[in-house]
>>> print(open('input24.txt').read())   # compact mmCIF, C-alpha atoms
# COMPACT_ATOMS: atom_id res chain seq x y z
CA MET A 15 -10.43 12.20 -24.61
CA THR A 16 -7.94 11.07 -22.02
CA GLU A 17 -6.73 7.55 -21.54
CA TYR A 18 -7.36 6.20 -18.09
CA ARG A 19 -6.15 3.13 -16.29
CA ILE A 20 -9.02 1.51 -14.43
CA GLU A 21 -8.51 -0.94 -11.60
CA VAL A 22 -11.49 -2.93 -10.42
CA ARG A 23 -11.35 -4.95 -7.20
CA VAL A 24 -14.06 -7.56 -6.73
CA THR A 25 -14.18 -9.20 -3.31
CA PRO A 26 -16.56 -11.65 -1.62
CA ARG A 27 -19.08 -9.75 0.49
CA ARG A 28 -18.47 -9.93 4.24
CA GLY A 29 -20.42 -12.76 5.84
CA ILE A 30 -20.73 -14.67 2.57
CA LEU A 31 -19.02 -18.05 2.48
CA ASP A 32 -15.62 -17.75 0.76
CA PRO A 33 -14.60 -21.30 -0.19
CA GLN A 34 -11.54 -20.12 -2.14
CA GLY A 35 -10.37 -18.14 0.87
CA ASN A 36 -10.87 -21.14 3.14
CA ALA A 37 -8.98 -23.39 0.73
CA VAL A 38 -6.04 -20.96 0.64
CA ALA A 39 -6.04 -20.66 4.45
CA GLY A 40 -5.94 -24.46 4.77
CA ALA A 41 -3.18 -24.86 2.20
CA LEU A 42 -1.04 -22.15 3.83
CA GLY A 43 -1.40 -23.93 7.18
CA THR A 44 -0.35 -27.22 5.59
CA LEU A 45 2.74 -25.51 4.18
CA GLY A 46 3.69 -24.34 7.66
CA PHE A 47 2.55 -20.72 7.54
CA ARG A 48 1.08 -20.17 10.99
CA GLY A 49 -1.30 -17.52 12.23
CA VAL A 50 -2.92 -16.68 8.92
CA ARG A 51 -6.50 -15.51 9.39
CA GLU A 52 -9.41 -14.04 7.48
CA VAL A 53 -8.21 -15.08 4.03
CA HIS A 54 -10.32 -13.67 1.23
CA VAL A 55 -9.77 -14.28 -2.45
CA GLY A 56 -11.08 -11.80 -4.96
CA ARG A 57 -10.46 -10.70 -8.53
CA LEU A 58 -8.46 -7.82 -9.87
CA ILE A 59 -9.43 -6.50 -13.30
CA VAL A 60 -7.18 -3.87 -14.84
CA PHE A 61 -7.71 -2.16 -18.18
CA HIS A 62 -7.27 1.04 -20.17
CA MET A 63 -10.15 3.13 -21.46
CA ASP A 64 -10.69 6.55 -23.05
CA ALA A 65 -13.08 8.93 -21.32
CA GLU A 66 -13.79 12.67 -21.14
CA SER A 67 -13.07 12.87 -17.43
CA GLU A 68 -12.02 10.82 -14.44
CA GLY A 69 -15.63 10.94 -13.21
CA GLU A 70 -16.94 9.50 -16.47
CA ALA A 71 -14.29 6.76 -16.41
CA LYS A 72 -15.27 5.81 -12.87
CA GLU A 73 -18.97 5.80 -13.71
CA ARG A 74 -18.43 3.54 -16.70
CA GLY A 75 -16.21 1.25 -14.64
CA GLU A 76 -18.96 0.91 -12.02
CA ALA A 77 -21.53 0.18 -14.73
CA MET A 78 -19.23 -2.60 -16.02
CA CYS A 79 -19.12 -4.08 -12.51
CA ARG A 80 -22.90 -4.06 -12.20
CA GLN A 81 -23.39 -5.60 -15.65
CA LEU A 82 -20.52 -8.05 -15.92
CA LEU A 83 -17.54 -7.96 -13.60
CA ALA A 84 -19.10 -8.55 -10.18
CA ASN A 85 -21.88 -10.75 -8.87
CA PRO A 86 -24.19 -8.22 -7.21
CA VAL A 87 -25.58 -10.82 -4.81
CA THR A 88 -22.35 -12.12 -3.32
CA GLU A 89 -19.58 -9.65 -4.17
CA ASP A 90 -18.54 -6.08 -3.49
CA PHE A 91 -16.54 -4.02 -5.93
CA SER A 92 -14.51 -0.86 -5.99
CA VAL A 93 -13.24 1.09 -8.99
CA GLN A 94 -10.05 3.13 -8.96
CA VAL A 95 -9.22 5.45 -11.84
CA ALA A 96 -5.85 6.97 -12.69
CA ALA A 97 -4.54 8.73 -15.77
CA ALA A 98 -2.72 6.16 -17.87
CA PRO A 99 1.04 6.69 -18.14
CA GLY A 100 1.72 8.69 -21.29
CA SER A 101 -1.91 9.76 -21.74
CA ALA A 102 -2.98 13.19 -23.03
CA ARG A 103 -3.55 14.54 -19.55
CA MET B 18 3.81 -9.50 17.68
CA THR B 19 1.81 -7.12 15.58
CA GLU B 20 -1.14 -8.00 13.42
CA TYR B 21 -0.68 -7.08 9.79
CA ARG B 22 -3.06 -6.94 6.87
CA ILE B 23 -1.41 -8.45 3.82
CA GLU B 24 -2.64 -7.80 0.31
CA VAL B 25 -1.28 -9.97 -2.48
CA ARG B 26 -1.86 -9.08 -6.12
CA VAL B 27 -1.26 -11.83 -8.65
CA THR B 28 -1.38 -10.79 -12.30
CA PRO B 29 -0.64 -12.55 -15.58
CA ARG B 30 2.90 -11.81 -16.68
CA ARG B 31 3.20 -9.31 -19.53
CA GLY B 32 3.36 -11.06 -22.88
CA ILE B 33 1.70 -14.20 -21.56
CA LEU B 34 -1.67 -15.06 -23.09
CA ASP B 35 -4.47 -13.86 -20.80
CA PRO B 36 -7.60 -15.72 -21.92
CA GLN B 37 -9.69 -14.40 -19.01
CA GLY B 38 -8.70 -10.84 -19.91
CA ASN B 39 -9.58 -11.44 -23.55
CA ALA B 40 -12.95 -12.92 -22.57
CA VAL B 41 -13.76 -9.89 -20.40
CA ALA B 42 -12.69 -7.49 -23.18
CA GLY B 43 -14.96 -9.28 -25.65
CA ALA B 44 -17.91 -9.35 -23.26
CA LEU B 45 -17.54 -5.64 -22.43
CA GLY B 46 -17.56 -4.85 -26.16
CA THR B 47 -20.71 -6.93 -26.63
CA LEU B 48 -22.37 -4.98 -23.80
CA GLY B 49 -21.60 -1.72 -25.61
CA PHE B 50 -18.57 -0.53 -23.64
CA ARG B 51 -16.31 0.90 -26.33
CA GLY B 52 -12.62 1.63 -26.27
CA VAL B 53 -11.65 -0.84 -23.56
CA ARG B 54 -8.10 -2.09 -24.09
CA GLU B 55 -5.43 -4.17 -22.39
CA VAL B 56 -7.76 -6.03 -20.06
CA HIS B 57 -5.95 -8.20 -17.54
CA VAL B 58 -7.60 -10.35 -14.92
CA GLY B 59 -5.68 -11.29 -11.81
CA ARG B 60 -6.31 -12.42 -8.27
CA LEU B 61 -6.41 -10.45 -5.07
CA ILE B 62 -5.67 -12.35 -1.87
CA VAL B 63 -6.15 -10.48 1.40
CA PHE B 64 -5.48 -11.85 4.88
CA HIS B 65 -4.34 -11.03 8.39
CA MET B 66 -1.17 -12.39 9.96
CA ASP B 67 0.94 -11.82 13.07
CA ALA B 68 4.60 -10.95 12.58
CA GLU B 69 7.43 -9.27 14.48
CA SER B 70 7.85 -6.53 11.88
CA GLU B 71 6.50 -5.23 8.60
CA GLY B 72 9.60 -6.62 6.90
CA GLU B 73 9.00 -10.09 8.26
CA ALA B 74 5.34 -9.95 7.23
CA LYS B 75 6.33 -8.97 3.69
CA GLU B 76 8.95 -11.70 3.47
CA ARG B 77 6.49 -14.36 4.60
CA GLY B 78 3.88 -13.05 2.16
CA GLU B 79 6.38 -13.33 -0.69
CA ALA B 80 7.28 -16.88 0.38
CA MET B 81 3.55 -17.76 0.27
CA CYS B 82 3.39 -16.41 -3.29
CA ARG B 83 6.36 -18.49 -4.40
CA GLN B 84 5.02 -21.65 -2.75
CA LEU B 85 1.28 -21.41 -3.32
CA LEU B 86 -0.41 -18.21 -4.36
CA ALA B 87 1.19 -17.45 -7.72
CA ASN B 88 2.29 -19.53 -10.67
CA PRO B 89 5.98 -18.58 -10.99
CA VAL B 90 6.02 -19.39 -14.71
CA THR B 91 3.09 -17.28 -15.89
CA GLU B 92 2.28 -14.79 -13.15
CA ASP B 93 3.79 -11.83 -11.34
CA PHE B 94 2.95 -10.95 -7.76
CA SER B 95 3.29 -8.05 -5.39
CA VAL B 96 2.81 -8.01 -1.63
CA GLN B 97 1.61 -4.97 0.29
CA VAL B 98 1.71 -4.92 4.08
CA ALA B 99 -0.12 -2.58 6.42
CA ALA B 100 -0.76 -2.64 10.16
CA ALA B 101 -4.19 -4.17 10.69
CA PRO B 102 -6.79 -1.79 12.11
CA GLY B 103 -6.82 -2.19 15.87
CA SER B 104 -3.51 -4.07 16.00
CA ALA B 105 -0.93 -3.67 18.77
CA ARG B 106 1.11 -1.19 16.76
>>> encode(input="input24.txt", output="structure tokens")
Amino acid sequence: MTEYRIEVRVTPRRGILDPQGNAVAGALGTLGFRGVREVHVGRLIVFHMDAESEGEAKERGEAMCRQLLANPVTEDFSVQVAAAPGSAR
Amino acid sequence: MTEYRIEVRVTPRRGILDPQGNAVAGALGTLGFRGVREVHVGRLIVFHMDAESEGEAKERGEAMCRQLLANPVTEDFSVQVAAAPGSAR
């Protein structure tokens, strides 16, 4: 078993209304930051997990997204896997 | 002016209680995902902005974090800048 660091990025799907992104864009404009466009707000979920291989870690991370971490109707996700610092690998 | 794509990562500061991370860890365990540790939930804010240079874009992104995007007491942030696809550069 190797310890992996998994990073999951969950972002609003393109073309879906992103009220958080719009709110941030408006607030940045109010603060005087000009020329900010296409603001999207997503979630970043980082954790450590043991797995037999990088492929298995990625597969389990994607299963977590489908079952819990992402809304499959409105959000996209991506899973990045790296060996955890100080792991057996 | 060049168009840049800015990616801001806001994460709970180490040692600060992360109730969202704990909730996700508990829910993953309930769903049968074993061996998940150190779950942290943060925010990912992505946008486009015009700036004279990559350095200026990064500086303005960091100012946005200090003024709006991150809670300076409980959160850390990092700003990554890349030339936007199809920009003048």
>>> interface_residues(input="input24.txt", of="chain A", to="chain B", cutoff="12 Å", atoms="all atoms listed in the file", output="ChimeraX atom specification")
/A:15-26,32,34-65,71,73-84,98
>>> closest_residue(input="input24.txt", among="B:Gly103, B:Val90, B:Val98, B:Leu34", to="Lys75 (chain B)", atoms="only C-alpha atoms")
B:Val98
>>> atom_distance(input="input24.txt", atom1="CA of Pro33 (chain A)", atom2="CA of Ser92 (chain A)")
21.2 Å
>>> atom_distance(input="input24.txt", atom1="CA of Phe91 (chain A)", atom2="CA of Glu70 (chain A)")
17.1 Å
